[in-house]
Structures are given as structure tokens and as C-alpha cells.
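Text of target.pdb (PDB, C-alpha atoms and all ligand atoms) as supplied:
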ATOM      1  CA  MET A   9     128.257 150.576 129.718
ATOM      2  CA  SER A  10     129.157 151.719 126.220
ATOM      3  CA  VAL A  11     132.283 150.109 124.778
ATOM      4  CA  ILE A  12     133.177 153.217 122.757
ATOM      5  CA  GLU A  13     132.272 156.669 124.073
ATOM      6  CA  VAL A  14     133.306 159.767 122.124
ATOM      7  CA  LYS A  15     132.351 163.213 123.452
ATOM      8  CA  ASN A  16     132.671 166.448 121.528
ATOM      9  CA  LEU A  17     135.785 165.314 119.638
ATOM     10  CA  LYS A  18     137.556 168.028 117.662
ATOM     11  CA  LYS A  19     140.657 167.777 115.524
ATOM     12  CA  TYR A  20     141.803 170.863 113.630
ATOM     13  CA  PHE A  21     144.749 170.971 111.229
ATOM     14  CA  GLY A  22     145.435 174.703 111.177
ATOM     15  CA  LYS A  23     142.298 176.212 109.689
ATOM     16  CA  THR A  24     140.955 172.835 108.506
ATOM     17  CA  LYS A  25     138.308 171.584 110.927
ATOM     18  CA  ALA A  26     138.726 167.904 110.001
ATOM     19  CA  VAL A  27     136.578 166.764 112.955
ATOM     20  CA  ASP A  28     134.443 169.457 114.513
ATOM     21  CA  GLY A  29     132.716 168.328 117.707
ATOM     22  CA  ILE A  30     131.361 164.822 117.136
ATOM     23  CA  SER A  31     129.823 162.679 119.890
ATOM     24  CA  PHE A  32     128.640 159.087 119.768
ATOM     25  CA  SER A  33     128.696 155.848 121.695
ATOM     26  CA  VAL A  34     128.821 152.228 120.567
ATOM     27  CA  GLU A  35     127.383 149.419 122.697
ATOM     28  CA  LYS A  36     128.854 145.951 123.222
ATOM     29  CA  GLY A  37     128.397 143.678 120.225
ATOM     30  CA  GLU A  38     127.017 146.488 118.093
ATOM     31  CA  ILE A  39     128.209 147.162 114.525
ATOM     32  CA  PHE A  40     128.307 150.925 114.107
ATOM     33  CA  GLY A  41     128.699 152.289 110.584
ATOM     34  CA  PHE A  42     130.550 155.595 110.346
ATOM     35  CA  LEU A  43     129.520 157.012 107.011
ATOM     36  CA  GLY A  44     130.550 160.027 105.062
ATOM     37  CA  PRO A  45     131.940 161.216 101.736
ATOM     38  CA  ASN A  46     135.685 161.443 101.125
ATOM     39  CA  GLY A  47     137.245 164.222 103.186
ATOM     40  CA  ALA A  48     134.391 164.209 105.747
ATOM     41  CA  GLY A  49     136.697 163.451 108.699
ATOM     42  CA  LYS A  50     136.290 159.685 109.160
ATOM     43  CA  THR A  51     139.975 158.720 109.096
ATOM     44  CA  THR A  52     140.937 161.658 111.305
ATOM     45  CA  ALA A  53     138.384 160.601 113.941
ATOM     46  CA  ILE A  54     139.622 157.001 113.768
ATOM     47  CA  ARG A  55     143.263 158.090 114.092
ATOM     48  CA  CYS A  56     142.298 160.031 117.232
ATOM     49  CA  MET A  57     140.488 156.956 118.586
ATOM     50  CA  MET A  58     143.632 154.892 117.983
ATOM     51  CA  ASP A  59     145.815 157.615 119.572
ATOM     52  CA  PHE A  60     147.907 158.051 116.422
ATOM     53  CA  ILE A  61     147.141 161.783 116.545
ATOM     54  CA  LYS A  62     146.204 164.012 119.466
ATOM     55  CA  PRO A  63     142.722 165.532 119.396
ATOM     56  CA  THR A  64     142.411 169.316 119.602
ATOM     57  CA  SER A  65     139.792 168.707 122.312
ATOM     58  CA  GLY A  66     137.185 166.211 123.430
ATOM     59  CA  GLU A  67     137.084 162.877 125.206
ATOM     60  CA  ILE A  68     137.489 159.337 123.851
ATOM     61  CA  LYS A  69     136.894 156.292 126.031
ATOM     62  CA  ILE A  70     137.161 152.707 124.824
ATOM     63  CA  LEU A  71     136.383 149.818 127.212
ATOM     64  CA  ASP A  72     136.046 152.523 129.874
ATOM     65  CA  ARG A  73     139.714 153.522 129.397
ATOM     66  CA  ASP A  74     141.058 156.822 128.142
ATOM     67  CA  ALA A  75     142.196 156.463 124.511
ATOM     68  CA  GLN A  76     145.328 158.534 125.132
ATOM     69  CA  LYS A  77     146.384 157.623 128.668
ATOM     70  CA  ASP A  78     145.613 153.920 128.274
ATOM     71  CA  SER A  79     146.692 153.680 124.666
ATOM     72  CA  VAL A  80     149.095 150.735 125.216
ATOM     73  CA  PHE A  81     146.467 148.717 127.098
ATOM     74  CA  LEU A  82     143.880 149.466 124.416
ATOM     75  CA  LYS A  83     146.128 148.515 121.486
ATOM     76  CA  GLU A  84     146.073 144.943 122.837
ATOM     77  CA  LYS A  85     142.284 144.930 122.936
ATOM     78  CA  ILE A  86     141.552 146.548 119.584
ATOM     79  CA  GLY A  87     141.811 144.951 116.168
ATOM     80  CA  TYR A  88     142.554 147.839 113.827
ATOM     81  CA  LEU A  89     142.463 148.103 110.052
ATOM     82  CA  SER A  90     144.024 151.247 108.634
ATOM     83  CA  GLY A  91     142.658 152.935 105.512
ATOM     84  CA  THR A  92     146.129 152.437 104.029
ATOM     85  CA  VAL A  93     147.455 149.063 105.193
ATOM     86  CA  ARG A  94     151.138 149.462 106.057
ATOM     87  CA  LEU A  95     153.272 146.363 105.593
ATOM     88  CA  TYR A  96     156.927 145.417 105.823
ATOM     89  CA  ASP A  97     157.956 144.878 102.175
ATOM     90  CA  LYS A  98     160.564 142.212 102.833
ATOM     91  CA  TRP A  99     158.183 139.948 104.732
ATOM     92  CA  THR A 100     155.609 137.526 103.408
ATOM     93  CA  GLY A 101     151.998 137.530 104.581
ATOM     94  CA  LYS A 102     152.842 134.522 106.784
ATOM     95  CA  GLU A 103     155.607 136.446 108.540
ATOM     96  CA  HIS A 104     153.205 139.319 109.274
ATOM     97  CA  ILE A 105     150.588 136.923 110.598
ATOM     98  CA  ASP A 106     153.119 135.000 112.756
ATOM     99  CA  PHE A 107     154.408 138.275 114.175
ATOM    100  CA  ILE A 108     150.918 139.295 115.349
ATOM    101  CA  LYS A 109     150.292 135.785 116.695
ATOM    102  CA  GLU A 110     153.484 135.965 118.773
ATOM    103  CA  LEU A 111     152.611 139.412 120.088
ATOM    104  CA  ASN A 112     149.118 138.399 121.127
ATOM    105  CA  GLY A 113     149.676 134.727 121.967
ATOM    106  CA  LYS A 114     147.379 131.733 122.274
ATOM    107  CA  ASN A 115     144.006 131.690 120.588
ATOM    108  CA  ASN A 116     143.745 132.817 117.038
ATOM    109  CA  ILE A 117     141.600 132.185 113.989
ATOM    110  CA  ALA A 118     144.337 132.867 111.419
ATOM    111  CA  ASN A 119     143.856 129.641 109.460
ATOM    112  CA  ASP A 120     140.117 130.147 109.125
ATOM    113  CA  LEU A 121     140.597 133.759 107.942
ATOM    114  CA  ILE A 122     143.338 132.810 105.449
ATOM    115  CA  LYS A 123     141.099 130.120 103.970
ATOM    116  CA  ARG A 124     137.940 132.177 103.821
ATOM    117  CA  LEU A 125     139.652 135.190 102.281
ATOM    118  CA  ASP A 126     141.565 132.913  99.908
ATOM    119  CA  PHE A 127     144.832 134.639 100.825
ATOM    120  CA  ASP A 128     148.251 133.450  99.606
ATOM    121  CA  ILE A 129     150.481 133.732 102.682
ATOM    122  CA  ASN A 130     153.770 132.927 100.953
ATOM    123  CA  SER A 131     154.233 135.914  98.625
ATOM    124  CA  LYS A 132     156.386 138.838  99.708
ATOM    125  CA  THR A 133     154.022 141.698 100.561
ATOM    126  CA  LYS A 134     155.921 144.010  98.204
ATOM    127  CA  SER A 135     154.338 142.180  95.262
ATOM    128  CA  LEU A 136     150.779 142.092  96.620
ATOM    129  CA  SER A 137     147.878 143.784  94.821
ATOM    130  CA  SER A 138     145.857 146.360  96.767
ATOM    131  CA  GLY A 139     143.085 143.784  97.265
ATOM    132  CA  ASN A 140     145.522 141.281  98.752
ATOM    133  CA  ARG A 141     147.085 143.933 101.006
ATOM    134  CA  GLN A 142     143.566 144.678 102.244
ATOM    135  CA  LYS A 143     142.933 140.976 102.899
ATOM    136  CA  LEU A 144     146.148 140.755 104.943
ATOM    137  CA  GLY A 145     145.148 143.909 106.861
ATOM    138  CA  ILE A 146     141.784 142.333 107.707
ATOM    139  CA  ILE A 147     143.401 139.050 108.775
ATOM    140  CA  MET A 148     145.836 140.911 111.058
ATOM    141  CA  ALA A 149     143.017 142.987 112.581
ATOM    142  CA  MET A 150     140.744 140.017 113.249
ATOM    143  CA  LEU A 151     143.030 137.090 113.944
ATOM    144  CA  CYS A 152     143.160 137.331 117.734
ATOM    145  CA  ASN A 153     139.396 137.723 118.292
ATOM    146  CA  PRO A 154     139.703 141.290 119.626
ATOM    147  CA  GLU A 155     137.092 142.786 121.980
ATOM    148  CA  VAL A 156     136.840 145.820 119.723
ATOM    149  CA  LEU A 157     137.299 146.138 115.964
ATOM    150  CA  ILE A 158     137.998 149.542 114.425
ATOM    151  CA  LEU A 159     137.964 149.213 110.661
ATOM    152  CA  ASP A 160     138.636 152.060 108.245
ATOM    153  CA  GLU A 161     136.830 151.190 104.984
ATOM    154  CA  PRO A 162     137.090 147.384 105.362
ATOM    155  CA  SER A 163     135.719 146.547 101.928
ATOM    156  CA  MET A 164     138.062 148.861 100.037
ATOM    157  CA  ALA A 165     139.836 147.290  97.019
ATOM    158  CA  LEU A 166     137.961 143.978  97.421
ATOM    159  CA  ASP A 167     135.829 142.382  94.715
ATOM    160  CA  PRO A 168     132.104 141.895  95.534
ATOM    161  CA  LEU A 169     132.532 138.230  96.525
ATOM    162  CA  MET A 170     135.297 139.044  98.991
ATOM    163  CA  GLN A 171     133.368 142.049 100.319
ATOM    164  CA  HIS A 172     130.524 139.675 101.062
ATOM    165  CA  GLU A 173     132.874 137.324 102.921
ATOM    166  CA  VAL A 174     134.280 140.232 104.948
ATOM    167  CA  TYR A 175     130.727 141.302 105.935
ATOM    168  CA  HIS A 176     130.129 137.724 107.114
ATOM    169  CA  LEU A 177     133.330 137.757 109.167
ATOM    170  CA  ILE A 178     132.397 141.086 110.776
ATOM    171  CA  LYS A 179     128.861 139.883 111.517
ATOM    172  CA  GLU A 180     130.171 136.642 113.068
ATOM    173  CA  ALA A 181     132.613 138.598 115.259
ATOM    174  CA  SER A 182     129.788 140.835 116.490
ATOM    175  CA  ASP A 183     127.591 137.790 117.177
ATOM    176  CA  LYS A 184     130.391 136.569 119.464
ATOM    177  CA  GLY A 185     130.375 139.900 121.339
ATOM    178  CA  THR A 186     132.999 141.955 119.495
ATOM    179  CA  THR A 187     132.077 145.634 119.239
ATOM    180  CA  VAL A 188     132.632 146.934 115.713
ATOM    181  CA  PHE A 189     133.191 150.485 114.545
ATOM    182  CA  MET A 190     133.622 150.672 110.775
ATOM    183  CA  SER A 191     133.889 153.590 108.394
ATOM    184  CA  SER A 192     132.567 153.586 104.873
ATOM    185  CA  HIS A 193     131.557 155.989 102.145
ATOM    186  CA  ASN A 194     128.967 153.527 100.879
ATOM    187  CA  LEU A 195     125.557 153.424 102.548
ATOM    188  CA  ALA A 196     124.359 150.437 100.555
ATOM    189  CA  GLU A 197     127.287 148.523 102.030
ATOM    190  CA  VAL A 198     126.734 149.363 105.696
ATOM    191  CA  GLN A 199     122.989 148.830 105.563
ATOM    192  CA  LYS A 200     123.753 145.138 105.060
ATOM    193  CA  ILE A 201     125.448 144.625 108.417
ATOM    194  CA  CYS A 202     125.335 147.670 110.698
ATOM    195  CA  SER A 203     122.791 148.029 113.489
ATOM    196  CA  ARG A 204     123.286 151.792 113.669
ATOM    197  CA  ILE A 205     124.827 154.418 111.470
ATOM    198  CA  GLY A 206     126.195 157.893 111.995
ATOM    199  CA  ILE A 207     126.768 160.256 109.094
ATOM    200  CA  ILE A 208     129.675 162.686 109.189
ATOM    201  CA  LYS A 209     129.882 165.630 106.818
ATOM    202  CA  ASN A 210     132.441 168.453 106.977
ATOM    203  CA  GLY A 211     133.605 167.171 110.367
ATOM    204  CA  LYS A 212     130.136 167.218 111.962
ATOM    205  CA  MET A 213     127.775 164.336 112.717
ATOM    206  CA  VAL A 214     124.691 165.239 110.694
ATOM    207  CA  ALA A 215     122.574 162.181 111.448
ATOM    208  CA  MET A 216     122.541 159.122 113.657
ATOM    209  CA  GLU A 217     119.910 156.421 113.365
ATOM    210  CA  ASP A 218     119.144 152.789 114.123
ATOM    211  CA  ILE A 219     118.802 150.859 110.904
ATOM    212  CA  SER A 220     115.383 149.640 112.115
ATOM    213  CA  THR A 221     114.176 153.247 112.658
ATOM    214  CA  LEU A 222     115.393 154.150 109.215
ATOM    215  CA  ARG A 223     113.453 151.287 107.765
ATOM    216  CA  GLN A 224     110.276 152.571 109.474
ATOM    217  CA  LYS A 225     110.780 155.788 107.552
ATOM    218  CA  SER A 226     110.056 153.541 104.643
ATOM    219  CA  MET A 227     109.560 154.774 101.132
ATOM    220  CA  TYR A 228     108.351 152.861  98.139
ATOM    221  CA  THR A 229     107.870 153.311  94.449
ATOM    222  CA  ILE A 230     104.701 151.621  93.166
ATOM    223  CA  ASN A 231     104.234 151.029  89.441
ATOM    224  CA  ILE A 232     100.763 149.905  88.378
ATOM    225  CA  SER A 233      99.162 149.178  85.043
ATOM    226  CA  PHE A 234      95.382 148.911  84.952
ATOM    227  CA  GLU A 235      92.915 147.163  82.660
ATOM    228  CA  ASN A 236      90.922 150.365  82.196
ATOM    229  CA  GLU A 237      91.522 154.101  82.272
ATOM    230  CA  ILE A 238      91.986 155.612  85.722
ATOM    231  CA  ASN A 239      91.256 158.920  87.397
ATOM    232  CA  SER A 240      94.656 159.912  88.774
ATOM    233  CA  SER A 241      93.122 162.304  91.330
ATOM    234  CA  ASP A 242      91.989 159.161  93.197
ATOM    235  CA  PHE A 243      95.639 158.684  94.179
ATOM    236  CA  LYS A 244      96.267 162.170  95.526
ATOM    237  CA  LEU A 245      96.684 161.339  99.212
ATOM    238  CA  ASP A 246      98.973 162.638 101.959
ATOM    239  CA  GLY A 247     102.479 161.246 101.543
ATOM    240  CA  ILE A 248     101.862 160.171  97.944
ATOM    241  CA  GLU A 249     103.673 161.681  95.010
ATOM    242  CA  ILE A 250     102.538 160.985  91.454
ATOM    243  CA  ILE A 251     105.810 160.400  89.612
ATOM    244  CA  LYS A 252     104.398 159.513  86.207
ATOM    245  CA  GLU A 253     100.873 159.034  84.856
ATOM    246  CA  MET A 254      99.314 157.722  81.674
ATOM    247  CA  PRO A 255      95.648 156.805  80.970
ATOM    248  CA  LYS A 256      96.118 153.192  82.139
ATOM    249  CA  GLU A 257      99.356 153.429  84.120
ATOM    250  CA  ILE A 258     100.706 155.274  87.106
ATOM    251  CA  SER A 259     103.943 155.455  89.140
ATOM    252  CA  LEU A 260     103.665 156.604  92.728
ATOM    253  CA  GLY A 261     106.187 157.554  95.380
ATOM    254  CA  VAL A 262     104.891 156.506  98.812
ATOM    255  CA  LYS A 263     106.193 157.644 102.205
ATOM    256  CA  GLY A 264     105.223 155.664 105.296
ATOM    257  CA  ASP A 265     102.066 153.536 105.520
ATOM    258  CA  LEU A 266     101.148 151.617 102.373
ATOM    259  CA  ASN A 267      97.578 150.725 103.418
ATOM    260  CA  PRO A 268      95.624 153.855 102.308
ATOM    261  CA  ILE A 269      97.074 153.765  98.805
ATOM    262  CA  ILE A 270      96.570 150.006  98.444
ATOM    263  CA  LYS A 271      92.878 150.557  99.271
ATOM    264  CA  LYS A 272      92.605 153.159  96.501
ATOM    265  CA  ILE A 273      94.396 150.924  94.011
ATOM    266  CA  SER A 274      92.060 148.034  94.802
ATOM    267  CA  ASN A 275      89.104 150.041  93.452
ATOM    268  CA  TYR A 276      90.449 149.312  89.969
ATOM    269  CA  ARG A 277      91.155 146.102  88.069
ATOM    270  CA  ILE A 278      94.922 145.665  87.990
ATOM    271  CA  LYS A 279      96.967 144.226  85.127
ATOM    272  CA  ASP A 280     100.364 144.472  86.780
ATOM    273  CA  LEU A 281     101.728 145.815  90.050
ATOM    274  CA  ASP A 282     105.232 146.268  91.310
ATOM    275  CA  ILE A 283     106.255 147.683  94.713
ATOM    276  CA  GLU A 284     109.889 148.625  95.109
ATOM    277  CA  PRO A 285     111.263 149.657  98.535
ATOM    278  CA  ALA A 286     113.646 152.616  98.537
ATOM    279  CA  SER A 287     117.271 152.042  99.457
ATOM    280  CA  LEU A 288     118.633 153.596 102.648
ATOM    281  CA  GLU A 289     120.502 156.017 100.415
ATOM    282  CA  GLU A 290     117.231 157.364  99.016
ATOM    283  CA  ILE A 291     115.711 157.494 102.506
ATOM    284  CA  PHE A 292     118.685 159.449 103.833
ATOM    285  CA  LEU A 293     118.615 161.897 100.967
ATOM    286  CA  GLU A 294     114.913 162.447 101.565
ATOM    287  CA  TYR A 295     115.165 162.992 105.341
ATOM    288  CA  TYR A 296     118.644 164.467 105.746
ATOM    289  CA  GLY A 297     119.360 165.776 102.261
ATOM    290  CA  ASN A 298     120.002 169.299 103.524
TER     291      ASN A 298
HETATM  292  P1  LIG A 301     137.832 160.943 105.284
HETATM  293  O1  LIG A 301     138.517 159.843 106.029
HETATM  294  O2  LIG A 301     136.390 161.079 105.669
HETATM  295  O3  LIG A 301     138.018 160.826 103.794
HETATM  296  P2  LIG A 301     139.885 162.642 106.444
HETATM  297  O4  LIG A 301     139.721 162.471 107.910
HETATM  298  O5  LIG A 301     140.993 161.902 105.779
HETATM  299  O6  LIG A 301     138.498 162.353 105.714
HETATM  300  O7  LIG A 301     140.095 164.190 106.127
HETATM  301  C1  LIG A 301     139.258 165.214 106.667
HETATM  302  C2  LIG A 301     139.841 166.574 106.299
HETATM  303  O8  LIG A 301     141.040 166.792 107.038
HETATM  304  C3  LIG A 301     140.208 166.722 104.833
HETATM  305  O9  LIG A 301     139.935 168.053 104.469
HETATM  306  C4  LIG A 301     141.708 166.453 104.826
HETATM  307  O10 LIG A 301     142.325 167.108 103.759
HETATM  308  C5  LIG A 301     142.126 167.041 106.169
HETATM  309  N1  LIG A 301     143.324 166.378 106.740
HETATM  310  C6  LIG A 301     143.405 165.072 107.103
HETATM  311  N2  LIG A 301     144.635 164.807 107.614
HETATM  312  C7  LIG A 301     145.342 165.968 107.563
HETATM  313  C8  LIG A 301     146.669 166.349 107.946
HETATM  314  N3  LIG A 301     147.511 165.465 108.479
HETATM  315  N4  LIG A 301     147.033 167.630 107.737
HETATM  316  C9  LIG A 301     146.175 168.528 107.203
HETATM  317  N5  LIG A 301     144.906 168.233 106.834
HETATM  318  C10 LIG A 301     144.491 166.986 107.002
END

Written as C-alpha cells, how would this file's structure read?
Ligand code: ADP
Amino acid sequence: MSVIEVKNLKKYFGKTKAVDGISFSVEKGEIFGFLGPNGAGKTTAIRCMMDFIKPTSGEIKILDRDAQKDSVFLKEKIGYLSGTVRLYDKWTGKEHIDFIKELNGKNNIANDLIKRLDFDINSKTKSLSSGNRQKLGIIMAMLCNPEVLILDEPSMALDPLMQHEVYHLIKEASDKGTTVFMSSHNLAEVQKICSRIGIIKNGKMVAMEDISTLRQKSMYTINISFENEINSSDFKLDGIEIIKEMPKEISLGVKGDLNPIIKKISNYRIKDLDIEPASLEEIFLEYYGN
């Protein structure tokens, strides 16, 4: 059974088709990355999933319950981080955290989260920087070990060290069985932790892939310098692009299997060789650029 099941979800604001018929499912313990540029429809889809706005049409099921009809039940099961963390100005971080603890009861990992995110719980939230508001939002979403985490841009406003810590926290939660749905506009970021990614553009899902499948669509740049002059036509093979050539140097773009080109290279005496794998961003642009 999928933990999150979205079928043909549409949300129109007048003529704006913010979400225009997206479908996807997320399995238990999976970390699904919901990627897209600003304005693509990510937050709108998430707000429908959380039942903050009513979809124009489509079906959303979380933990086999209807997102609208069983919204109260689901709110207890879902740890949610909004893209704009809303806080009560007159309270401190501690008061926010205690409030959630009281609502949800018993087991919580608040102290561990506070320590690992280096969060000062005693300041009034009115005076918090955007990074600290984000930390508090993450603590509140994660503190009761929810079955499902829905995170809208979790790394926003955090410095690289803290982003890294948040990725660790998300990964640990998924290792314990939490199902994670997170949005991001940064592919490099989600490739670090997500098992699968969906790309939304102009309200439509334009691609959906396992990270492992994406990696099989591997691409490399190979830079070689040789001891002697080369005949560059030796390197004209299927899937190979000659990016730059000089009498004793060549740069090649390689798609897929590296073996045929390595064989060709080994016919020459090599001075220096460097093989650089492409980032997922480059792979996506190559395969889904249009
Ligand atoms: P993302 O989260 O990917 O940046 P959004 O879901 O916020 O994208 O926005 C998708 C589109 O829907 C944008 O064109 C945005 O202007 C529009 N939109 C979002 N919310 C509203 C709203 N409440 N009223 C009208 N248009 C909206």
C-alpha cells in the first residue's frame, strides 16, 4: 500500500492552472523529492494535500484516508513544515514546542532536535531570524516522530552546515519508517537524500524517476592529456561528444557505458586523465530539457 496516493490533482485559481492534473504515489519509508522552479505549483499541491485549500478536482489519499474527509485524523499523523513558518509572536520557541508536545503527548525527540539544530528555545519568536524560524518549524514538524512528513522547502534559509544536519534528520526519520514528501527547487539538494524525484513545471509532472535509474543514465566528462599527438577521429564513437580538442589533449562528453571509450584511450600513452560524473541537474537537462 502506498502511504501517499495522489490522482489527477488539479487546482485552478481562476485562469491560473497552479496544479494541472498531477498523479504520484509515495511508498512507506520513501523520501520523495518534489522538484520544480518557483511558481511551478509545489506549494499549491502541498496545501491541497494538507487540506488547507480545496482541490478543483482529483483524489488525495494519505495512509489510505481521504485528505479532505479525514483531515483531522491525518493532521495528527503528519508532521508538516510550511514554506512560510507561521509562529505566535508573543511566545518563545520553548512555548511553541511545549504546545505541540501537549497536543501530541508522550514520546518526543524535542531535546535531540533542539541540540542538533543548535536552536535557542528561550527567545521570543518575534525576534528570530528566518533561519531560526525555519529551525523551529522543522523541530515542530519532526518532534513527535510522525508517520508522514510533508516538508515544503525544508532547507530554506539555513546555512550549509544546518542544511546538512536537516538532511541527516530526514534520512534518520525515513530509516525508522517515516514516509517523507519534500519539495525543493534545488536538484543538487534532493539528490543527496531522496530515493525518487518528481519534477513539476507549469502545474504538470514532467518527469518522475528513481535516483538509481537516473544514475544509470550516467554522463561523464573525460579530460585527457597525452604524451604524443592524437588522431581525434579515434574517439568518434556513438554517445561520445568531442567538447574540445588540441594536438595532445581532448575533452569528451560520454553518455552511458564508459568501456568503449576507455579502450580507445588506452591505445595512447596518457599523461593525465580526469573523469568527472555529471550532476543530476545536467542529466535532467539532457534527458528532459524540453
Ligand atoms: P511553487 O510552490 O512551486 O513556487 P505555487 O504553488 O506557490 O508554486 O504557485 C503556483 C502558481 O499558482 C503561481 O502562478 C502562483 O502565482 C499561483 N497561485 C498560488 N496561490 C495562489 C492564490 N491563492 N491565488 C492565485 N494564484 C495563486

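Closest approach to Gly264 (chain A) from the set A:Ile232, A:Gly91, A:Ser226, A:Glu249 is made by A:Ser226, with distances taken over all atoms listed in the file.
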
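The shortest atom-to-atom distance to ligand LIG 301 (chain A), with all atoms listed in the file taken into account, belongs to A:Leu159 out of A:Leu95, A:Ala149, A:Val11, A:Leu159.
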
- Message: Please find the residues contacting ligand LIG 301 (chain A) at a distance of at most 9 Å between atoms, with all atoms listed in the file counted, and report them as an MDAnalysis selection string.
- Response: chainID A and resid 19:27 43:55 61 91 160:161 191:193 208:211

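Distance-wise, CA of Thr100 (chain A) and CA of Lys134 (chain A) end up 8.3 Å apart.
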
Written as a short mmCIF file (atom, residue, chain, number, x, y, z; two decimals) with C-alpha atoms, in the frame of the given file, what is the full residue list that the PyMOL selection byres (((chain A and resi 59) around 12) and not hetatm) yields on the file shown?
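Generated output (part.cif):
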data_model
loop_
_atom_site.label_atom_id
_atom_site.label_comp_id
_atom_site.auth_asym_id
_atom_site.auth_seq_id
_atom_site.Cartn_x
_atom_site.Cartn_y
_atom_site.Cartn_z
CA THR A 52 140.94 161.66 111.30
CA ALA A 53 138.38 160.60 113.94
CA ILE A 54 139.62 157.00 113.77
CA ARG A 55 143.26 158.09 114.09
CA CYS A 56 142.30 160.03 117.23
CA MET A 57 140.49 156.96 118.59
CA MET A 58 143.63 154.89 117.98
CA PHE A 60 147.91 158.05 116.42
CA ILE A 61 147.14 161.78 116.54
CA LYS A 62 146.20 164.01 119.47
CA PRO A 63 142.72 165.53 119.40
CA GLU A 67 137.08 162.88 125.21
CA ILE A 68 137.49 159.34 123.85
CA LYS A 69 136.89 156.29 126.03
CA ILE A 70 137.16 152.71 124.82
CA ASP A 74 141.06 156.82 128.14
CA ALA A 75 142.20 156.46 124.51
CA GLN A 76 145.33 158.53 125.13
CA LYS A 77 146.38 157.62 128.67
CA ASP A 78 145.61 153.92 128.27
CA SER A 79 146.69 153.68 124.67
CA VAL A 80 149.10 150.74 125.22
CA PHE A 81 146.47 148.72 127.10
CA LEU A 82 143.88 149.47 124.42
CA LYS A 83 146.13 148.51 121.49
CA ILE A 86 141.55 146.55 119.58
CA TYR A 88 142.55 147.84 113.83
#

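Counting all atoms listed in the file and comparing A:Val93, A:Ala181, A:Asn16, A:Lys98, the residue that lies closest to Lys143 (chain A) is A:Val93.
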
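The two atoms in question, CA of Arg204 (chain A) and CA of Pro162 (chain A), are spaced 16.7 Å apart.
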
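Distances from A:Leu121, A:Cys152, A:Leu144, A:Cys202 to Thr92 (chain A) were compared using only C-alpha atoms, and the smallest one belongs to A:Leu144.
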
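Run against this file, the PyMOL selection byres (((chain A and resi 127) around 9) and not hetatm) gives back Gly101, Leu121, Ile122, Lys123, Arg124, Leu125, Asp126, Asp128, Ile129, Asn140, Lys143 and Leu144 of chain A.
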
- Query: So how far away is CA of Ile270 (chain A) from CA of Ile238 (chain A), in Å?
  - Reply: 14.6 Å

- Task: Excluding Val198 (chain A) and any residue of its chain fewer than 2 positions from it, enumerate the residues within 12 Å of it, using all atoms listed in the file, and give them as a PyMOL selection string.
- Result: chain A and resi 39-44+161-163+171-172+174-175+178-179+188-196+200-207+218-219+287-289

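The smallest atom-to-atom distance between Arg223 (chain A) and any of A:Asn115, A:Ser31, A:Gln199, A:Asn239, using all atoms listed in the file, is found for A:Gln199.
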
Residues near Arg94 (chain A), anyone? I mean within 10 Å using only C-alpha atoms, not counting same-chain ones fewer than 2 positions away, as a PDB file with C-alpha atoms, in the frame of the given file.
ATOM      1  CA  LEU A  89     142.463 148.103 110.052  1.00  0.00           C
ATOM      2  CA  SER A  90     144.024 151.247 108.634  1.00  0.00           C
ATOM      3  CA  GLY A  91     142.658 152.935 105.512  1.00  0.00           C
ATOM      4  CA  THR A  92     146.129 152.437 104.029  1.00  0.00           C
ATOM      5  CA  TYR A  96     156.927 145.417 105.823  1.00  0.00           C
ATOM      6  CA  ASP A  97     157.956 144.878 102.175  1.00  0.00           C
ATOM      7  CA  THR A 133     154.022 141.698 100.561  1.00  0.00           C
ATOM      8  CA  ARG A 141     147.085 143.933 101.006  1.00  0.00           C
ATOM      9  CA  GLN A 142     143.566 144.678 102.244  1.00  0.00           C
ATOM     10  CA  GLY A 145     145.148 143.909 106.861  1.00  0.00           C
TER      11      GLY A 145
END

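Nearest to Ser10 (chain A) of all the residues A:Ala215, A:Met227, A:Val156, A:Leu136 is A:Val156, counting all atoms listed in the file.
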
Work out where the centre of an axis-aligned box around every listed atom of region 99-111 of chain A lies and how long its edges are once 5 Å is added on each side; give both in Å to one decimal as JSON.
{"center_x": 154.2, "center_y": 137.2, "center_z": 111.7, "size_x": 17.9, "size_y": 15.4, "size_z": 26.7}
